[in-house]
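Presented below is the structure to which this report refers.
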Amino acid sequence: MRTKLIAVLALCCVASSAYATPKIQHWQAPSGAQVYFVENHDLPMLDVAVNFAAGDAYDAADKLGVAGMTHGLLDAGAQGLSEDDISRKMADIGAQLGGSFDADRAAISLRTLSSVAEREAALDIVARVLQQPVFPEAVLARNKASLIAGLKEAETKPEHLSEKAFGKAVFGNHPYGWQTEVADVEKIQRADLEAFYRAHYNAKNAVVALMGDVTRKQAEAIAQQLTANLPQAGAVASLPSVTAKIAASEQRIAHPASQSHILIGTPGIARNDADYFPLYVGNYILGGGGFVSRLMNEVREKRGMAYSVYSYFMPMQQPGAFQIGLQTKKEQADEALQVVRQTLDSFVAKGVTEKELQAAKDNIIGGFPLRIDSNRKILDYLSVIGFYHMPLTYLDDFTQQVDSVTTKEIHDAFKRRIDPQAMATIIVGAPEAGAAK
């Protein structure tokens, strides 16, 4: 259930003037929840997601891991339903209960047939999971043991070590940089989950997304059914501000892996940042466009130093990370790192060409139909639009926004936001001569 949200999804949301975008309806339910709905009767299916500001950045500093454990145990038992009951009943009606979780958001999702019997049975289960979770002690103990085992194993993996060090280096003491350790998990108690649930899983903190084969009237009833009996609580406190500029740093972490795992980055942009479009389009040219990106050309195509190299912005409630990443042989790690830094330096200093910009726009806009070709993908966008308070016309406007970006805007935005001389660099599996614990 705890599939991690790929915050990069928001960066790929593009539109085409030649493709019909979904009509998004929005209202506030009597419970106080915000509702976003697209009515579509092409398939006899209903997709629903209920999102809360309850990601792991909302953990208390002395109770790390509680947010994730709370989300993970929501479907582990509800009033009158055991974990097995929930699983069996959903399977009997062919419905799927899922969820997603990241630093900002925690969500419960449902996919069900829209026929009355199946829909009502599935919604009754989800309503109880959301509004009457019991957080069984036995399941908590089991999940704690599983998470502890996973954390211990992860400490041997270079990709985990690099992401962990990167988060700390980029975000410092901000919650986006916090890391849940074994000792944190061992301290989690059932009372912690109940307290977190009451504080964060309330109707005023809920964003309900609905997509599919129901009418507006039915959607209104469903949203109210899922949120009417959530805990009564005030607004969730905002996350603290992220420090935009960091000092340059480099960590070399020894590891027996045959390849060096390299991450370079800095705080980037928030979801509603004014520089979003120039940075998004510019990054497509730098390292977000796969084989057509500059980083891939310089590192892989010209020099064969890595199978893949990428860059991305992860827009969050507060500025998320701008990250460049690659893996390469240990003996050429320093050379590859130098190439990456030189490529970034040149990109920020000189900007992009008109030819590169037009190719990026063509690829982004041309890929739009694949971004909204299923109910589930549209549901994801509804959740993003609702949670981050984006305009209802976001999908309609995106093509125009992308197409209006200029080379000057990209140059200006990168010059202001990305300082190649003030980046955090992590090398796990560093060349032996420079390795240091």
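By convention here, the chains of the structure tokens are called A, B, ... in the order presented, each chain's residues are numbered starting at 1, and ligands are numbered starting at 1 in the order presented.
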
Can you pull out the residues contacting Ala195 (chain A)? Cut-off 12 Å, using only C-alpha atoms, and skip same-chain residues under 5 positions away; I want them as a PDB file with C-alpha atoms, in the first residue's frame.
```pdb
ATOM      1  CA  ASP A  59       6.564  13.669  11.546  1.00  0.00           C
ATOM      2  CA  ALA A  60       7.596  15.219  14.823  1.00  0.00           C
ATOM      3  CA  LYS A  63       8.819  10.554  16.383  1.00  0.00           C
ATOM      4  CA  VAL A  66       5.104   7.590  12.628  1.00  0.00           C
ATOM      5  CA  ALA A  67       3.565   9.203   9.528  1.00  0.00           C
ATOM      6  CA  THR A  70       0.110   5.377  10.274  1.00  0.00           C
ATOM      7  CA  PHE A 135      -4.248   0.066  14.168  1.00  0.00           C
ATOM      8  CA  ILE A 188       6.770   3.713  17.647  1.00  0.00           C
ATOM      9  CA  GLN A 189       3.694   2.899  19.738  1.00  0.00           C
ATOM     10  CA  ARG A 190       0.058   2.438  18.776  1.00  0.00           C
ATOM     11  CA  HIS A 200      -3.694  14.893  10.175  1.00  0.00           C
ATOM     12  CA  TYR A 201      -6.502  12.729   8.787  1.00  0.00           C
ATOM     13  CA  ASN A 202      -9.309  15.236   9.167  1.00  0.00           C
ATOM     14  CA  PRO A 231     -11.594  13.329  13.040  1.00  0.00           C
ATOM     15  CA  ALA A 233      -9.174  18.921  14.009  1.00  0.00           C
TER      16      ALA A 233
END
```

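Residues lying within 7 Å of Ala223 (chain A), counting only C-alpha atoms and ignoring same-chain neighbours fewer than 3 positions away, are Ala29, Val35, Val208, Ala219, Glu220, Leu226 and Thr227 of chain A.
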
Study note, to complete from the structure: Using only C-alpha atoms, the residue out of A:Tyr310, A:Tyr394, A:Phe52, A:Phe37 with shortest distance to Leu344 (chain A) is A:Tyr310

Practice item. Within region 141-385 of chain A, find each residue whose DSSP state, derived from the backbone, is alpha helix (DSSP H), and express the selection as a PyMOL selection string. Key: chain A and resi 141-154+158-171+182-187+190-200+216-227+276-283+294-296+333-350+354-366+368-371+375-385

Point to revise | Counting only C-alpha atoms, the residue of A:Leu151, A:Ser258, A:Arg105, A:Pro420 that sits nearest Asp345 (chain A) | key: A:Pro420

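Minimum distance to Ile285 (chain A) across A:Lys217, A:Lys164, A:Arg303, A:Lys355 (counting only C-alpha atoms) occurs at A:Lys355.
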
**Study point:** Among the residues A:Thr243, A:Gln327, A:Gln259, A:Thr21, the one that comes closest to Asp396 (chain A) [using only C-alpha atoms]
**Key:** A:Thr21

Check your understanding: So which residues of region 14-209 of chain A fall under strand (DSSP E or B) by DSSP, listed as a PyMOL selection string?
Key -> chain A and resi 25-28+34-39+45-52+77-78+81-82+96-101+106-113+133+206-209

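Counting from CA of Glu120 (chain A), the distance to CA of Ile93 (chain A) is 10.2 Å.
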
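Using only C-alpha atoms, the smallest distance between any of A:Phe322, A:Thr353, A:Thr112, A:Ile269 and Leu43 (chain A) comes from A:Thr112.
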